[in-house]
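K.L.:
Okay, so here is structure.pdb, and as you'll see once you scroll down, it has PDB, C-alpha atoms.
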ATOM      1  CA  MET B1044      -6.730 -15.334 -24.156
ATOM      2  CA  LYS B1045      -8.704 -13.887 -21.280
ATOM      3  CA  PRO B1046      -7.822 -11.469 -18.522
ATOM      4  CA  ILE B1047      -7.461 -12.879 -15.023
ATOM      5  CA  TYR B1048      -8.947 -11.437 -11.890
ATOM      6  CA  ILE B1049      -8.554 -13.206  -8.554
ATOM      7  CA  GLU B1050      -9.712 -11.676  -5.298
ATOM      8  CA  GLY B1051      -7.266 -11.555  -2.459
ATOM      9  CA  THR B1052      -7.619 -13.805   0.593
ATOM     10  CA  ALA B1053      -5.825 -13.958   3.956
ATOM     11  CA  LYS B1054      -3.135 -16.096   2.320
ATOM     12  CA  THR B1055      -3.185 -15.223  -1.376
ATOM     13  CA  PRO B1056      -2.883 -11.899  -3.175
ATOM     14  CA  MET B1057      -5.291 -10.066  -5.429
ATOM     15  CA  VAL B1058      -4.222 -10.699  -9.000
ATOM     16  CA  LYS B1059      -5.219  -8.743 -12.081
ATOM     17  CA  TYR B1060      -3.815  -9.743 -15.444
ATOM     18  CA  ASP B1061      -4.998  -7.590 -18.345
ATOM     19  CA  ASN B1062      -3.731  -8.627 -21.761
ATOM     20  CA  GLU B1063      -5.622  -5.785 -23.519
ATOM     21  CA  ASN B1064      -3.748  -3.106 -21.602
ATOM     22  CA  GLY B1065      -0.587  -5.067 -20.931
ATOM     23  CA  THR B1066      -0.870  -4.610 -17.182
ATOM     24  CA  ILE B1067      -0.290  -7.037 -14.383
ATOM     25  CA  GLU B1068      -1.029  -6.386 -10.751
ATOM     26  CA  ILE B1069      -0.236  -8.573  -7.734
ATOM     27  CA  LYS B1070      -1.213  -7.120  -4.405
ATOM     28  CA  GLY B1071      -1.620  -8.239  -0.804
ATOM     29  CA  ARG B1072      -0.318 -11.285   1.023
ATOM     30  CA  SER B1073       1.199 -14.295  -0.608
ATOM     31  CA  ILE B1074       1.678 -16.877   2.104
ATOM     32  CA  PRO B1075      -0.037 -20.100   1.005
ATOM     33  CA  GLU B1076       1.449 -23.415   2.144
ATOM     34  CA  ASN B1077       1.375 -24.613  -1.437
ATOM     35  CA  SER B1078       2.162 -21.719  -3.714
ATOM     36  CA  ILE B1079       2.654 -23.724  -6.914
ATOM     37  CA  GLU B1080      -1.049 -24.455  -7.025
ATOM     38  CA  PHE B1081      -1.825 -20.752  -6.857
ATOM     39  CA  TYR B1082       0.842 -19.483  -9.238
ATOM     40  CA  LYS B1083       0.803 -22.132 -11.965
ATOM     41  CA  PRO B1084      -2.117 -20.573 -13.918
ATOM     42  CA  LEU B1085      -0.436 -17.172 -13.631
ATOM     43  CA  VAL B1086       2.830 -18.484 -15.035
ATOM     44  CA  ASP B1087       1.003 -20.378 -17.811
ATOM     45  CA  TRP B1088      -0.959 -17.247 -18.749
ATOM     46  CA  LEU B1089       2.307 -15.408 -19.334
ATOM     47  CA  ASP B1090       3.417 -18.149 -21.701
ATOM     48  CA  ASP B1091       0.364 -17.379 -23.833
ATOM     49  CA  TYR B1092       0.734 -13.646 -23.458
ATOM     50  CA  ALA B1093       4.385 -13.860 -24.560
ATOM     51  CA  GLY B1094       3.116 -14.874 -28.011
ATOM     52  CA  SER B1095       1.650 -11.414 -28.642
ATOM     53  CA  PRO B1096       2.612  -9.038 -25.853
ATOM     54  CA  LYS B1097       1.842  -5.324 -25.779
ATOM     55  CA  GLU B1098       4.550  -2.846 -26.660
ATOM     56  CA  LEU B1099       4.866  -2.163 -22.931
ATOM     57  CA  THR B1100       3.975  -4.608 -20.167
ATOM     58  CA  LYS B1101       3.665  -2.825 -16.849
ATOM     59  CA  VAL B1102       3.815  -4.954 -13.728
ATOM     60  CA  ASP B1103       2.885  -3.702 -10.264
ATOM     61  CA  VAL B1104       3.915  -5.921  -7.371
ATOM     62  CA  HIS B1105       2.723  -4.645  -4.033
ATOM     63  CA  LEU B1106       3.088  -7.320  -1.395
ATOM     64  CA  GLU B1107       2.637  -6.876   2.303
ATOM     65  CA  TYR B1108       4.007 -10.326   3.133
ATOM     66  CA  PHE B1109       5.233 -13.235   1.099
ATOM     67  CA  ASN B1110       6.624 -16.567   2.178
ATOM     68  CA  THR B1111       9.638 -18.392   0.752
ATOM     69  CA  SER B1112       7.388 -20.833  -1.073
ATOM     70  CA  SER B1113       5.880 -17.890  -2.982
ATOM     71  CA  SER B1114       9.287 -16.347  -3.563
ATOM     72  CA  LYS B1115      10.181 -19.100  -6.033
ATOM     73  CA  CYS B1116       6.868 -18.776  -7.847
ATOM     74  CA  ILE B1117       7.259 -15.014  -8.084
ATOM     75  CA  LEU B1118      10.669 -15.646  -9.606
ATOM     76  CA  ASP B1119       8.981 -17.920 -12.175
ATOM     77  CA  VAL B1120       6.587 -15.085 -13.054
ATOM     78  CA  PHE B1121       9.527 -12.703 -13.433
ATOM     79  CA  LYS B1122      11.416 -15.180 -15.606
ATOM     80  CA  LYS B1123       8.490 -15.236 -18.031
ATOM     81  CA  LEU B1124       8.580 -11.440 -18.102
ATOM     82  CA  GLU B1125      12.311 -11.546 -18.685
ATOM     83  CA  ALA B1126      11.716 -13.705 -21.772
ATOM     84  CA  ILE B1127       9.238 -11.124 -23.117
ATOM     85  CA  HIS B1128      11.751  -8.368 -22.477
ATOM     86  CA  LYS B1129      14.455 -10.360 -24.208
ATOM     87  CA  ASN B1130      12.257 -10.518 -27.305
ATOM     88  CA  LYS B1131      12.475  -6.746 -27.574
ATOM     89  CA  HIS B1132       9.226  -5.870 -25.863
ATOM     90  CA  GLU B1133       9.301  -3.343 -23.118
ATOM     91  CA  VAL B1134       8.647  -4.624 -19.591
ATOM     92  CA  LEU B1135       8.694  -2.582 -16.401
ATOM     93  CA  ILE B1136       8.329  -4.020 -12.912
ATOM     94  CA  ASN B1137       7.237  -1.637 -10.170
ATOM     95  CA  TRP B1138       8.123  -3.118  -6.792
ATOM     96  CA  PHE B1139       6.199  -1.375  -4.014
ATOM     97  CA  TYR B1140       7.246  -1.462  -0.361
ATOM     98  CA  GLU B1141       6.148   0.330   2.799
ATOM     99  CA  GLU B1142       8.523   3.020   3.995
ATOM    100  CA  ASP B1143       9.908   1.156   7.012
ATOM    101  CA  ASP B1144       9.975  -2.260   5.388
ATOM    102  CA  GLU B1145      13.649  -2.747   4.528
ATOM    103  CA  ASP B1146      13.164  -6.494   4.190
ATOM    104  CA  MET B1147      10.620  -5.969   1.401
ATOM    105  CA  LEU B1148      12.902  -3.472  -0.359
ATOM    106  CA  GLU B1149      15.763  -5.944  -0.105
ATOM    107  CA  ALA B1150      13.555  -8.714  -1.487
ATOM    108  CA  GLY B1151      12.847  -6.507  -4.509
ATOM    109  CA  GLU B1152      16.539  -5.815  -4.960
ATOM    110  CA  ASP B1153      17.262  -9.540  -4.831
ATOM    111  CA  TYR B1154      14.917 -10.065  -7.773
ATOM    112  CA  GLU B1155      16.327  -7.066  -9.590
ATOM    113  CA  SER B1156      19.798  -8.611  -9.393
ATOM    114  CA  ILE B1157      18.617 -11.962 -10.772
ATOM    115  CA  ILE B1158      16.158 -10.839 -13.469
ATOM    116  CA  ARG B1159      17.196  -8.776 -16.469
ATOM    117  CA  VAL B1160      14.179  -6.509 -16.606
ATOM    118  CA  PRO B1161      14.027  -2.864 -15.504
ATOM    119  CA  PHE B1162      12.773  -2.563 -11.923
ATOM    120  CA  ARG B1163      11.553   0.516 -10.140
ATOM    121  CA  MET B1164      11.554   0.444  -6.337
ATOM    122  CA  ILE B1165       8.664   2.526  -5.090
ATOM    123  CA  GLU B1166       8.418   3.485  -1.456
ATOM    124  CA  ILE B1167       4.941   4.015  -0.081
ATOM    125  CA  VAL B1168       4.775   6.661   2.595
ATOM    126  CA  ASP B1169       1.743   6.701   4.869
TER     127      ASP B1169
ATOM    128  CA  MET U 145      16.580 -38.596  32.156
ATOM    129  CA  SER U 146      14.551 -39.088  29.035
ATOM    130  CA  PHE U 147      12.753 -36.285  27.259
ATOM    131  CA  ASN U 148       9.234 -35.548  28.442
ATOM    132  CA  ILE U 149       6.984 -33.451  26.228
ATOM    133  CA  THR U 150       4.839 -32.100  29.075
ATOM    134  CA  ASN U 151       7.824 -30.913  31.090
ATOM    135  CA  TYR U 152       9.359 -29.428  27.976
ATOM    136  CA  TYR U 153       6.187 -27.538  27.078
ATOM    137  CA  ASN U 154       5.723 -26.248  30.621
ATOM    138  CA  GLU U 155       9.307 -25.052  30.646
ATOM    139  CA  ILE U 156       9.228 -23.161  27.327
ATOM    140  CA  SER U 157       5.830 -21.594  27.961
ATOM    141  CA  LYS U 158       6.937 -19.789  31.105
ATOM    142  CA  GLY U 159       7.270 -16.018  31.084
ATOM    143  CA  ASP U 160       5.624 -13.240  29.089
ATOM    144  CA  VAL U 161       3.819 -15.529  26.650
ATOM    145  CA  ILE U 162       1.911 -14.099  23.703
ATOM    146  CA  LEU U 163       0.863 -17.436  22.332
ATOM    147  CA  ALA U 164       1.536 -21.060  23.220
ATOM    148  CA  TYR U 165       0.267 -24.053  21.309
ATOM    149  CA  LYS U 166       0.888 -27.776  21.138
ATOM    150  CA  GLY U 167      -0.947 -30.127  18.811
ATOM    151  CA  SER U 168      -1.648 -30.682  15.117
ATOM    152  CA  ILE U 169      -0.079 -28.173  12.757
ATOM    153  CA  THR U 170      -2.665 -27.704  10.008
ATOM    154  CA  SER U 171      -3.268 -25.017   7.433
ATOM    155  CA  ASP U 172      -6.284 -23.702   9.359
ATOM    156  CA  LEU U 173      -4.320 -23.607  12.576
ATOM    157  CA  ILE U 174      -1.644 -21.499  10.866
ATOM    158  CA  ASN U 175      -4.350 -19.016   9.794
ATOM    159  CA  ASP U 176      -5.691 -18.826  13.330
ATOM    160  CA  ILE U 177      -2.286 -18.318  14.908
ATOM    161  CA  LEU U 178      -1.262 -15.629  12.437
ATOM    162  CA  GLU U 179      -4.518 -13.783  12.934
ATOM    163  CA  SER U 180      -4.315 -13.967  16.698
ATOM    164  CA  VAL U 181      -0.685 -12.838  16.904
ATOM    165  CA  GLU U 182      -1.359  -9.993  14.491
ATOM    166  CA  LYS U 183      -4.223  -8.749  16.645
ATOM    167  CA  LYS U 184      -2.125  -8.902  19.786
ATOM    168  CA  LEU U 185       0.737  -6.994  18.190
ATOM    169  CA  ASP U 186      -1.665  -4.348  16.904
ATOM    170  CA  ALA U 187      -3.207  -4.034  20.340
ATOM    171  CA  ALA U 188       0.241  -3.718  21.907
ATOM    172  CA  ASN U 189       1.101  -0.893  19.466
ATOM    173  CA  GLU U 190       4.273  -2.661  18.446
ATOM    174  CA  ALA U 191       6.456  -0.821  15.900
ATOM    175  CA  SER U 192       5.430  -1.801  12.404
ATOM    176  CA  LYS U 193       8.966  -2.873  11.519
ATOM    177  CA  THR U 194       9.180  -5.325  14.426
ATOM    178  CA  LYS U 195       5.673  -6.519  13.756
ATOM    179  CA  LYS U 196       6.484  -7.299  10.141
ATOM    180  CA  LYS U 197       9.666  -9.167  11.033
ATOM    181  CA  LEU U 198       7.945 -11.192  13.713
ATOM    182  CA  TYR U 199       5.017 -11.970  11.446
ATOM    183  CA  ASN U 200       7.283 -13.035   8.588
ATOM    184  CA  ILE U 201       9.340 -15.246  10.862
ATOM    185  CA  LEU U 202       6.207 -16.756  12.308
ATOM    186  CA  ILE U 203       4.930 -17.637   8.842
ATOM    187  CA  GLU U 204       8.180 -19.344   7.880
ATOM    188  CA  SER U 205       8.501 -21.175  11.213
ATOM    189  CA  LEU U 206       4.962 -22.495  11.079
ATOM    190  CA  GLN U 207       5.221 -23.500   7.454
ATOM    191  CA  ASN U 208       8.547 -25.212   8.122
ATOM    192  CA  LEU U 209       6.752 -27.240  10.764
ATOM    193  CA  TYR U 210       3.814 -27.844   8.448
ATOM    194  CA  HIS U 211       6.000 -29.123   5.631
ATOM    195  CA  HIS U 212       8.406 -31.205   7.679
ATOM    196  CA  ILE U 213       6.420 -32.780  10.463
ATOM    197  CA  GLU U 214       5.659 -36.434  10.009
ATOM    198  CA  GLU U 215       2.034 -37.496  10.202
ATOM    199  CA  LYS U 216       2.710 -40.240  12.744
ATOM    200  CA  HIS U 217       5.667 -41.054  14.909
ATOM    201  CA  GLU U 218       6.379 -44.775  15.244
ATOM    202  CA  GLY U 219       7.420 -45.875  18.671
ATOM    203  CA  ILE U 220       6.349 -42.742  20.504
ATOM    204  CA  GLU U 221       4.196 -43.905  23.335
ATOM    205  CA  GLU U 222       2.529 -40.708  24.448
ATOM    206  CA  GLU U 223      -0.824 -39.904  22.899
ATOM    207  CA  LEU U 224      -0.025 -37.246  20.348
ATOM    208  CA  ASP U 225      -2.171 -35.468  17.788
ATOM    209  CA  PRO U 226      -1.234 -36.239  14.180
ATOM    210  CA  LYS U 227       1.324 -33.800  12.763
ATOM    211  CA  PHE U 228       2.294 -32.860  16.291
ATOM    212  CA  GLY U 229       4.232 -29.662  16.825
ATOM    213  CA  VAL U 230       4.799 -26.957  19.403
ATOM    214  CA  LEU U 231       4.871 -23.181  19.006
ATOM    215  CA  VAL U 232       5.534 -20.547  21.636
ATOM    216  CA  VAL U 233       5.824 -16.817  21.044
ATOM    217  CA  LYS U 234       6.953 -14.768  24.009
ATOM    218  CA  ARG U 235       8.622 -11.550  24.969
ATOM    219  CA  GLU U 236      11.820 -11.241  26.973
ATOM    220  CA  GLY U 237      12.474  -7.564  27.571
ATOM    221  CA  ASP U 238      12.830  -5.949  24.145
ATOM    222  CA  ILE U 239      13.234  -9.257  22.372
ATOM    223  CA  TYR U 240      10.622 -11.553  20.943
ATOM    224  CA  ASN U 241      11.259 -15.297  21.022
ATOM    225  CA  VAL U 242       9.636 -17.661  18.575
ATOM    226  CA  THR U 243      10.166 -21.281  19.588
ATOM    227  CA  THR U 244       9.086 -24.281  17.562
ATOM    228  CA  GLY U 245       9.393 -27.928  18.494
ATOM    229  CA  ASN U 246       8.797 -31.161  16.641
ATOM    230  CA  PHE U 247       9.859 -34.793  16.601
ATOM    231  CA  ILE U 248      12.386 -35.698  13.956
ATOM    232  CA  ASN U 249      13.891 -38.945  12.862
ATOM    233  CA  SER U 250      17.480 -39.287  14.082
ATOM    234  CA  SER U 251      18.632 -39.682  10.464
ATOM    235  CA  ARG U 252      17.797 -36.022   9.785
ATOM    236  CA  ILE U 253      19.775 -34.530  12.658
ATOM    237  CA  LYS U 254      23.120 -34.328  10.895
ATOM    238  CA  PHE U 255      21.692 -32.466   7.900
ATOM    239  CA  LEU U 256      19.719 -30.042  10.018
ATOM    240  CA  LYS U 257      22.532 -29.357  12.453
ATOM    241  CA  GLU U 258      24.991 -28.668   9.650
ATOM    242  CA  LYS U 259      22.510 -26.414   7.893
ATOM    243  CA  ILE U 260      21.859 -24.321  11.012
ATOM    244  CA  GLU U 261      25.551 -24.126  11.912
ATOM    245  CA  LYS U 262      26.328 -23.017   8.374
ATOM    246  CA  ILE U 263      23.630 -20.339   8.469
ATOM    247  CA  ASN U 264      24.836 -19.089  11.852
ATOM    248  CA  SER U 265      28.390 -18.794  10.553
ATOM    249  CA  LEU U 266      27.450 -16.519   7.635
ATOM    250  CA  THR U 267      27.397 -12.728   7.480
ATOM    251  CA  LYS U 268      24.302 -10.872   6.264
ATOM    252  CA  ASP U 269      25.804 -10.515   2.781
ATOM    253  CA  GLU U 270      26.703 -14.190   2.624
ATOM    254  CA  LEU U 271      23.179 -15.099   3.698
ATOM    255  CA  LYS U 272      21.831 -12.891   0.942
ATOM    256  CA  ASP U 273      24.006 -14.720  -1.607
ATOM    257  CA  MET U 274      22.948 -18.094  -0.244
ATOM    258  CA  TYR U 275      19.296 -17.075  -0.405
ATOM    259  CA  LYS U 276      19.614 -15.874  -3.992
ATOM    260  CA  PHE U 277      21.471 -19.002  -5.020
ATOM    261  CA  ILE U 278      18.832 -21.340  -3.584
ATOM    262  CA  LEU U 279      16.030 -19.153  -4.961
ATOM    263  CA  ASN U 280      17.474 -19.278  -8.453
ATOM    264  CA  HIS U 281      18.740 -22.868  -8.574
ATOM    265  CA  GLN U 282      16.577 -25.119  -6.464
ATOM    266  CA  LYS U 283      13.169 -26.390  -7.454
ATOM    267  CA  LEU U 284      10.287 -26.370  -4.994
ATOM    268  CA  SER U 285       9.763 -29.779  -3.469
ATOM    269  CA  ALA U 286       6.420 -31.524  -3.835
ATOM    270  CA  LYS U 287       5.791 -30.620  -0.210
ATOM    271  CA  GLY U 288       6.078 -26.961  -1.106
ATOM    272  CA  GLY U 289       9.216 -26.157   0.812
ATOM    273  CA  GLY U 290      12.301 -25.051  -1.005
ATOM    274  CA  GLY U 291      15.036 -25.053   1.601
ATOM    275  CA  LEU U 292      14.784 -21.284   1.896
ATOM    276  CA  GLY U 293      12.848 -20.980   5.153
ATOM    277  CA  LEU U 294      15.714 -21.002   7.639
ATOM    278  CA  VAL U 295      17.894 -18.800   5.445
ATOM    279  CA  ASP U 296      15.085 -16.282   5.144
ATOM    280  CA  ILE U 297      14.521 -16.323   8.905
ATOM    281  CA  ALA U 298      18.218 -15.788   9.567
ATOM    282  CA  ARG U 299      18.295 -12.825   7.185
ATOM    283  CA  LYS U 300      15.518 -11.139   9.110
ATOM    284  CA  THR U 301      17.072 -11.359  12.559
ATOM    285  CA  GLU U 302      20.321 -10.131  14.069
ATOM    286  CA  TYR U 303      20.621 -13.171  16.313
ATOM    287  CA  ASP U 304      21.886 -16.701  15.765
ATOM    288  CA  LEU U 305      19.361 -19.496  15.444
ATOM    289  CA  GLU U 306      19.334 -21.448  18.714
ATOM    290  CA  TYR U 307      18.658 -25.127  18.505
ATOM    291  CA  ALA U 308      18.683 -28.331  20.524
ATOM    292  CA  PHE U 309      17.964 -31.973  19.840
ATOM    293  CA  TYR U 310      16.579 -33.939  22.775
ATOM    294  CA  ASN U 311      16.877 -37.696  22.598
ATOM    295  CA  TYR U 312      13.470 -39.285  22.867
ATOM    296  CA  ASN U 313      13.977 -42.953  22.104
ATOM    297  CA  GLY U 314      17.093 -43.262  19.985
ATOM    298  CA  ASN U 315      15.070 -43.331  16.794
ATOM    299  CA  TYR U 316      13.286 -40.038  17.454
ATOM    300  CA  TYR U 317      14.640 -36.769  18.756
ATOM    301  CA  PHE U 318      12.747 -33.657  19.669
ATOM    302  CA  PHE U 319      14.032 -30.679  17.721
ATOM    303  CA  ASN U 320      13.764 -27.289  19.410
ATOM    304  CA  LEU U 321      14.415 -24.112  17.444
ATOM    305  CA  THR U 322      14.374 -20.658  18.998
ATOM    306  CA  ILE U 323      14.483 -17.498  16.935
ATOM    307  CA  LYS U 324      15.040 -14.121  18.562
ATOM    308  CA  ILE U 325      13.765 -10.925  16.980
TER     309      ILE U 325
END
Render the structure in this file as structure tokens.
P.N.:
Amino acid sequence: MKPIYIEGTAKTPMVKYDNENGTIEIKGRSIPENSIEFYKPLVDWLDDYAGSPKELTKVDVHLEYFNTSSSKCILDVFKKLEAIHKNKHEVLINWFYEEDDEDMLEAGEDYESIIRVPFRMIEIVD
Amino acid sequence: MSFNITNYYNEISKGDVILAYKGSITSDLINDILESVEKKLDAANEASKTKKKLYNILIESLQNLYHHIEEKHEGIEEELDPKFGVLVVKREGDIYNVTTGNFINSSRIKFLKEKIEKINSLTKDELKDMYKFILNHQKLSAKGGGGLGLVDIARKTEYDLEYAFYNYNGNYYFFNLTIKI
């Protein structure tokens, strides 16, 4: 399997999937009208990766905005990570949010309560 | 008196308007509107918290329109652009108003009205539970919407969603939604 790198656009985030290092990074805005199209390859990649994951998979999610259409796809990504974690491989999700963005913190906490993977809420102070 | 789109638009675009638009709701238009509103809020030095809320709500409102508007409206005599919708963002004192308008088939009114009433009746914690339930249990529709938009909007504002249905020709109504931030 190959790493993924997708540049960010006004409506889609920068994505970096690195199977060699076991790191995943999603950063920017995720507000496409049709998010399934964007996220499907990312979810499929995790299916492959789950076959031989690293000891630790570290996931950084740093979103400025995301729409409700993306929120379901992000949950799909997290569910794949949950499956890896369930198979006794370490997974850590770092959820970044700007210091005054309570809505983004709350969004992270919503996921944390649904997905059985350790989350770390990281506040970014300007 | 029957509903008239020009009068309606003139009425809602009075006041301290940041942006007013009527016409086709396309993906490119959504980009343009978001970019323009973001610039105006930056220029106005609006608090980042308010800016984020407004921006988020604008995204959901526009994408709700985008996903739900019908391409053509049978029996509507006025010349309308395809996928016709209305958006007005304005300020009233300390409050921002985001208003959207679109034609809907009368068969959808009951569902929409009940959904909004339900959302308005819930506390913040109940809205959170509703959001998480839909997020975790409902599949995305082919259109891309997942029934989360209005719940998400309601979570981000302290105000009730204000709505009205104006009878256009019995078959079609004009649905007006105003969100205060």
K.L.:
Using only C-alpha atoms, what does the table of chain U residues within 10 Å of chain B look like, with each row giving the shortest atom pair and its distance in Å to one decimal, sorted by chain and ascending number, as CSV?
P.N.:
residue,atom,partner,partner_atom,distance
U:Thr170,CA,B:Glu1076,CA,9.9
U:Ser171,CA,B:Glu1076,CA,7.3
U:Ile174,CA,B:Glu1076,CA,9.5
U:Asn175,CA,B:Ala1053,CA,7.9
U:Leu178,CA,B:Ala1053,CA,9.8
U:Glu179,CA,B:Ala1053,CA,9.1
U:Ala191,CA,B:Asp1143,CA,9.7
U:Ser192,CA,B:Asp1143,CA,7.6
U:Lys193,CA,B:Asp1143,CA,6.1
U:Thr194,CA,B:Asp1144,CA,9.6
U:Lys196,CA,B:Asp1144,CA,7.8
U:Lys197,CA,B:Asp1146,CA,8.1
U:Tyr199,CA,B:Tyr1108,CA,8.5
U:Asn200,CA,B:Tyr1108,CA,6.9
U:Ile201,CA,B:Asn1110,CA,9.2
U:Ile203,CA,B:Asn1110,CA,7.0
U:Glu204,CA,B:Asn1110,CA,6.5
U:Leu206,CA,B:Glu1076,CA,9.6
U:Gln207,CA,B:Glu1076,CA,6.5
U:Asn208,CA,B:Glu1076,CA,9.5
U:Tyr210,CA,B:Glu1076,CA,8.1
U:His211,CA,B:Glu1076,CA,8.1
U:Lys272,CA,B:Asp1153,CA,8.1
U:Asp273,CA,B:Asp1153,CA,9.1
U:Tyr275,CA,B:Asp1153,CA,9.0
U:Lys276,CA,B:Asp1153,CA,6.8
U:Phe277,CA,B:Ile1157,CA,9.5
U:Ile278,CA,B:Lys1115,CA,9.3
U:Leu279,CA,B:Lys1115,CA,5.9
U:Asn280,CA,B:Lys1115,CA,7.7
U:His281,CA,B:Lys1115,CA,9.7
U:Gln282,CA,B:Lys1115,CA,8.8
U:Lys283,CA,B:Lys1115,CA,8.0
U:Leu284,CA,B:Lys1115,CA,7.3
U:Ser285,CA,B:Ser1112,CA,9.6
U:Ala286,CA,B:Asn1077,CA,8.9
U:Lys287,CA,B:Asn1077,CA,7.6
U:Gly288,CA,B:Asn1077,CA,5.3
U:Gly289,CA,B:Ser1112,CA,5.9
U:Gly290,CA,B:Ser1112,CA,6.5
U:Gly291,CA,B:Thr1111,CA,8.6
U:Leu292,CA,B:Thr1111,CA,6.0
U:Gly293,CA,B:Thr1111,CA,6.0
U:Leu294,CA,B:Thr1111,CA,9.5
U:Val295,CA,B:Thr1111,CA,9.5
U:Asp296,CA,B:Thr1111,CA,7.3
U:Ile297,CA,B:Thr1111,CA,9.7
U:Arg299,CA,B:Asp1146,CA,8.7
U:Lys300,CA,B:Asp1146,CA,7.2
K.L.:
How would you write, as a PyMOL selection string, the residues chosen by the PyMOL selection byres ((chain U and resi 248) around 6) on this structure?
P.N.:
chain U and resi 247+249+316-317
K.L.:
To one decimal place, how far is CA of Glu1098 in chain B from CA of Pro1161 in chain B in Å?
P.N.:
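CA of Pro1161 in chain B lies at a distance of 14.6 Å from CA of Glu1098 in chain B.
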K.L.:
Just give me the gap between CA of His1132 in chain B and CA of Leu1106 in chain B in Å, one decimal is fine.
P.N.:
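It comes out at 25.3 Å.
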K.L.:
Using only C-alpha atoms, which residue out of U:Leu231, U:Ile260, U:Leu266, U:Leu321 lies closest to Ile177 in chain U?
P.N.:
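Ranked by minimum distance to Ile177 in chain U, first place goes to U:Leu231.
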K.L.:
Near Pro1084 in chain B, within 12 Å and counting all atoms listed in the file, which residues show up once chain neighbours fewer than 2 positions away are dropped, as a ChimeraX atom specification?
P.N.:
/B:1045-1049,1058,1060,1078-1082,1086-1091,1116,1119-1120
K.L.:
Residues picked by the PyMOL selection byres ((chain U and resi 302) around 12) here, as a list in words?
P.N.:
Lys197, Ile239, Tyr240, Asn264, Leu266, Thr267, Lys268, Leu271, Ile297, Ala298, Arg299, Lys300, Thr301, Tyr303, Asp304, Leu305, Ile323, Lys324 and Ile325 of chain U
K.L.:
What is the CA of Ser146 in chain U to CA of Asn320 in chain U distance in Å?
P.N.:
15.2 Å
K.L.:
Excluding Ile220 in chain U and residues on its chain fewer than 4 positions from it, collect all residues at most 9 Å away from it, counting all atoms listed in the file, and give them as a ChimeraX atom specification.
P.N.:
/U:216,224,312-313,316
K.L.:
Evaluate the PyMOL selection byres ((chain U and resi 230) around 9) on the structure here and hand back the selected residues as a ChimeraX atom specification.
P.N.:
/U:153,164-169,209,228-229,231-232,243-246,320
K.L.:
Taking all atoms of range 171-183 of chain U that the file lists, what box with edges along x, y and z, padded by 5 Å per side, do you get, with centre and edge lengths in Å to one decimal, as lines of an AutoDock Vina configuration file?
P.N.:
center_x = -3.5
center_y = -16.9
center_z = 12.2
size_x = 15.6
size_y = 26.3
size_z = 19.5
K.L.:
For Gly159 in chain U, work out the shell of residues within 12 Å, counting only C-alpha atoms and skipping chain neighbours fewer than 5 positions away, then give it as a PDB file with C-alpha atoms, in the coordinates of the input.
P.N.:
ATOM      1  CA  ASN U 154       5.723 -26.248  30.621  1.00  0.00           C
ATOM      2  CA  ALA U 164       1.536 -21.060  23.220  1.00  0.00           C
ATOM      3  CA  VAL U 232       5.534 -20.547  21.636  1.00  0.00           C
ATOM      4  CA  VAL U 233       5.824 -16.817  21.044  1.00  0.00           C
ATOM      5  CA  LYS U 234       6.953 -14.768  24.009  1.00  0.00           C
ATOM      6  CA  ARG U 235       8.622 -11.550  24.969  1.00  0.00           C
ATOM      7  CA  GLU U 236      11.820 -11.241  26.973  1.00  0.00           C
ATOM      8  CA  GLY U 237      12.474  -7.564  27.571  1.00  0.00           C
ATOM      9  CA  TYR U 240      10.622 -11.553  20.943  1.00  0.00           C
ATOM     10  CA  ASN U 241      11.259 -15.297  21.022  1.00  0.00           C
TER      11      ASN U 241
END
K.L.:
Given only C-alpha atoms as the basis, pick out the residue of B:Leu1099, B:Ile1069, B:Val1160, B:Val1104 nearest to Glu1125 in chain B.
P.N.:
B:Val1160
K.L.:
With the input short on atoms, add N, CA, C and O atoms back to range 1061-1066 of chain B and write it as an mmCIF file, in the frame of the given file.
P.N.:
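To be explicit, this is the file written out as result_17.cif:
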data_model
loop_
_atom_site.group_PDB
_atom_site.id
_atom_site.type_symbol
_atom_site.label_atom_id
_atom_site.label_comp_id
_atom_site.auth_asym_id
_atom_site.auth_seq_id
_atom_site.Cartn_x
_atom_site.Cartn_y
_atom_site.Cartn_z
ATOM 1 N N ASP B 1061 -4.205 -8.195 -17.279
ATOM 2 C CA ASP B 1061 -4.998 -7.590 -18.345
ATOM 3 C C ASP B 1061 -4.188 -7.596 -19.637
ATOM 4 O O ASP B 1061 -3.299 -6.767 -19.822
ATOM 5 N N ASN B 1062 -4.501 -8.524 -20.523
ATOM 6 C CA ASN B 1062 -3.731 -8.627 -21.761
ATOM 7 C C ASN B 1062 -4.034 -7.486 -22.730
ATOM 8 O O ASN B 1062 -3.187 -7.102 -23.522
ATOM 9 N N GLU B 1063 -5.264 -6.897 -22.633
ATOM 10 C CA GLU B 1063 -5.622 -5.785 -23.519
ATOM 11 C C GLU B 1063 -4.748 -4.554 -23.243
ATOM 12 O O GLU B 1063 -4.303 -3.885 -24.161
ATOM 13 N N ASN B 1064 -4.543 -4.285 -21.973
ATOM 14 C CA ASN B 1064 -3.748 -3.106 -21.602
ATOM 15 C C ASN B 1064 -2.283 -3.419 -21.321
ATOM 16 O O ASN B 1064 -1.480 -2.520 -21.130
ATOM 17 N N GLY B 1065 -1.962 -4.688 -21.261
ATOM 18 C CA GLY B 1065 -0.587 -5.067 -20.931
ATOM 19 C C GLY B 1065 -0.220 -4.726 -19.500
ATOM 20 O O GLY B 1065 0.898 -4.283 -19.218
ATOM 21 N N THR B 1066 -1.178 -4.896 -18.594
ATOM 22 C CA THR B 1066 -0.870 -4.610 -17.182
ATOM 23 C C THR B 1066 -1.091 -5.834 -16.308
ATOM 24 O O THR B 1066 -2.004 -6.630 -16.543
#
